[in-house]
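Source file: run.cif; contents: mmCIF, C-alpha atoms.
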```cif
data_coords
#
loop_
_atom_site.group_PDB
_atom_site.id
_atom_site.type_symbol
_atom_site.label_atom_id
_atom_site.label_comp_id
_atom_site.auth_asym_id
_atom_site.auth_seq_id
_atom_site.Cartn_x
_atom_site.Cartn_y
_atom_site.Cartn_z
ATOM 1 C CA MET A 1 -5.888 10.098 -9.808
ATOM 2 C CA ILE A 2 -5.393 6.370 -9.319
ATOM 3 C CA ALA A 3 -4.251 4.302 -12.278
ATOM 4 C CA ILE A 4 -3.002 0.768 -12.641
ATOM 5 C CA ASN A 5 -0.601 -0.424 -15.337
ATOM 6 C CA ASP A 6 -1.741 -3.159 -17.745
ATOM 7 C CA LYS A 7 0.906 -5.612 -16.545
ATOM 8 C CA HIS A 8 -0.513 -5.364 -13.010
ATOM 9 C CA SER A 9 -4.164 -5.723 -13.959
ATOM 10 C CA SER A 10 -5.116 -8.272 -11.296
ATOM 11 C CA GLN A 11 -5.462 -7.160 -7.717
ATOM 12 C CA ALA A 12 -2.927 -8.517 -5.266
ATOM 13 C CA SER A 13 -4.235 -10.370 -2.246
ATOM 14 C CA PHE A 14 -4.141 -8.689 1.152
ATOM 15 C CA GLU A 15 -1.556 -11.256 2.250
ATOM 16 C CA GLU A 16 0.685 -10.509 -0.755
ATOM 17 C CA PHE A 17 0.400 -6.790 -0.005
ATOM 18 C CA CYS A 18 1.284 -7.323 3.682
ATOM 19 C CA ASN A 19 4.231 -9.566 2.793
ATOM 20 C CA ALA A 20 5.617 -6.893 0.470
ATOM 21 C CA VAL A 21 5.143 -4.107 3.036
ATOM 22 C CA ALA A 22 6.671 -6.141 5.873
ATOM 23 C CA GLN A 23 9.687 -6.960 3.748
ATOM 24 C CA ARG A 24 10.142 -3.370 2.508
ATOM 25 C CA LEU A 25 9.872 -1.852 6.005
ATOM 26 C CA ASN A 26 11.500 -4.759 7.849
ATOM 27 C CA ILE A 27 8.568 -5.121 10.246
ATOM 28 C CA ASN A 28 6.568 -8.049 11.636
ATOM 29 C CA LYS A 29 3.767 -8.962 9.226
ATOM 30 C CA ALA A 30 1.517 -9.860 12.192
ATOM 31 C CA GLN A 31 1.186 -6.119 12.933
ATOM 32 C CA LEU A 32 -0.471 -5.533 9.567
ATOM 33 C CA ARG A 33 -4.143 -5.994 10.375
ATOM 34 C CA PRO A 34 -6.641 -4.126 8.164
ATOM 35 C CA GLU A 35 -7.763 -1.796 10.987
ATOM 36 C CA ALA A 36 -4.215 -1.115 12.259
ATOM 37 C CA SER A 37 -3.115 2.504 12.208
ATOM 38 C CA TRP A 38 0.259 2.884 10.506
ATOM 39 C CA VAL A 39 1.515 5.356 13.106
ATOM 40 C CA ASP A 40 -0.231 4.288 16.328
ATOM 41 C CA ASP A 41 -0.390 0.488 15.932
ATOM 42 C CA VAL A 42 2.405 -0.399 13.500
ATOM 43 C CA GLY A 43 4.704 2.364 14.753
ATOM 44 C CA ILE A 44 6.025 3.691 11.469
ATOM 45 C CA SER A 45 6.881 7.278 10.546
ATOM 46 C CA SER A 46 5.635 9.498 7.737
ATOM 47 C CA VAL A 47 8.836 8.630 5.851
ATOM 48 C CA ASP A 48 7.811 4.980 5.984
ATOM 49 C CA ILE A 49 4.370 5.853 4.605
ATOM 50 C CA VAL A 50 6.163 7.370 1.616
ATOM 51 C CA LYS A 51 7.978 4.018 1.236
ATOM 52 C CA ILE A 52 4.601 2.255 1.228
ATOM 53 C CA VAL A 53 3.322 4.593 -1.493
ATOM 54 C CA MET A 54 6.477 3.913 -3.531
ATOM 55 C CA LEU A 55 5.993 0.171 -3.029
ATOM 56 C CA ILE A 56 2.399 0.417 -4.291
ATOM 57 C CA ARG A 57 3.629 2.335 -7.333
ATOM 58 C CA GLN A 58 6.597 0.098 -8.121
ATOM 59 C CA LYS A 59 5.460 -3.416 -7.188
ATOM 60 C CA PHE A 60 1.757 -3.142 -7.921
ATOM 61 C CA GLY A 61 1.797 -0.475 -10.651
ATOM 62 C CA VAL A 62 -0.770 1.819 -9.014
ATOM 63 C CA LYS A 63 -0.270 5.568 -9.189
ATOM 64 C CA ILE A 64 -1.329 7.511 -6.107
ATOM 65 C CA SER A 65 -1.535 11.302 -5.960
ATOM 66 C CA THR A 66 0.057 13.237 -3.116
ATOM 67 C CA THR A 67 -3.415 14.165 -1.867
ATOM 68 C CA GLN A 68 -4.480 10.525 -1.768
ATOM 69 C CA ALA A 69 -1.234 9.444 -0.104
ATOM 70 C CA GLY A 70 -1.914 11.929 2.686
ATOM 71 C CA LYS A 71 -5.173 10.128 3.463
ATOM 72 C CA ILE A 72 -3.513 6.772 4.159
ATOM 73 C CA LYS A 73 -4.021 6.179 7.887
ATOM 74 C CA THR A 74 -4.596 2.415 8.191
ATOM 75 C CA VAL A 75 -3.291 -0.730 6.533
ATOM 76 C CA GLN A 76 -6.684 -1.130 4.831
ATOM 77 C CA ASP A 77 -6.477 2.441 3.457
ATOM 78 C CA ALA A 78 -3.250 1.563 1.670
ATOM 79 C CA TYR A 79 -4.487 -1.812 0.438
ATOM 80 C CA GLN A 80 -7.673 -0.303 -1.010
ATOM 81 C CA PHE A 81 -5.584 1.581 -3.567
ATOM 82 C CA LEU A 82 -4.753 -1.750 -5.207
ATOM 83 C CA GLY A 83 -8.423 -2.483 -5.854
ATOM 84 C CA ALA A 84 -9.441 1.072 -6.653
ATOM 85 C CA GLY A 85 -6.859 1.478 -9.411
ATOM 86 C CA VAL A 86 -8.093 2.262 -12.892
ATOM 87 C CA LYS A 87 -6.407 0.415 -15.726
ATOM 88 C CA ASN A 88 -4.366 2.593 -18.092
ATOM 89 C CA ASP A 89 -5.323 2.245 -21.758
#
```

For this file, produce the structure as structure tokens.
Amino acid sequence: MIAINDKHSSQASFEEFCNAVAQRLNINKAQLRPEASWVDDVGISSVDIVKIVMLIRQKFGVKISTTQAGKIKTVQDAYQFLGAGVKND
């Protein structure tokens, strides 16, 4: 299930998402192209992917299930959760 909190009802831009990820992981934002693989191109570990999921939950208010988190392979995969979120009522 994907859900977005009311206070985060507007989707963040791709640039805002990349800025937040780069800051959280202390990586170069230039590596964060939509098609970039987190592991192969960006060079992060599975622990860092968990940090990305936590960032999406905390900063952007989107809840991601463990099953969905396991499907995040590219930068675009992670960013799509921000737009796919369903607003909580």

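Separating CA of Phe17 (chain A) from CA of Thr66 (chain A) is a distance of 20.3 Å.
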
Given the choices A:Val62, A:Ala12, A:Trp38, A:Ala30, which gets closest to Asp77 (chain A) if the distance is worked out from only C-alpha atoms? A:Trp38

Evaluating the PyMOL selection byres ((chain A and resi 24-26) around 9) on the displayed file yields which residues, as a PyMOL selection string? chain A and resi 19-23+27-29+44+48+51-52+55

Next, the residues of the selection above should be written as a CSV table (one decimal), in the frame of the given file with C-alpha atoms.
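Everything below was put into result-v7.csv:
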```csv
chain,number,residue,atom,x,y,z
A,19,ASN,CA,4.2,-9.6,2.8
A,20,ALA,CA,5.6,-6.9,0.5
A,21,VAL,CA,5.1,-4.1,3.0
A,22,ALA,CA,6.7,-6.1,5.9
A,23,GLN,CA,9.7,-7.0,3.7
A,27,ILE,CA,8.6,-5.1,10.2
A,28,ASN,CA,6.6,-8.0,11.6
A,29,LYS,CA,3.8,-9.0,9.2
A,44,ILE,CA,6.0,3.7,11.5
A,48,ASP,CA,7.8,5.0,6.0
A,51,LYS,CA,8.0,4.0,1.2
A,52,ILE,CA,4.6,2.3,1.2
A,55,LEU,CA,6.0,0.2,-3.0
```

Mind giving me the straight-line distance from CA of Ser65 (chain A) to CA of Ser45 (chain A) in Å, one decimal?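 For CA of Ser65 (chain A) relative to CA of Ser45 (chain A), the distance reads 19.0 Å.
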
Could you write out as a ChimeraX atom specification the residues that the PyMOL selection byres ((chain A and resi 71-73) around 9) matches in the shown file? /A:36-39,49,66-70,74-78

One decimal, in Å: what's the spacing between CA of Glu35 (chain A) and CA of Leu82 (chain A)? 16.5 Å
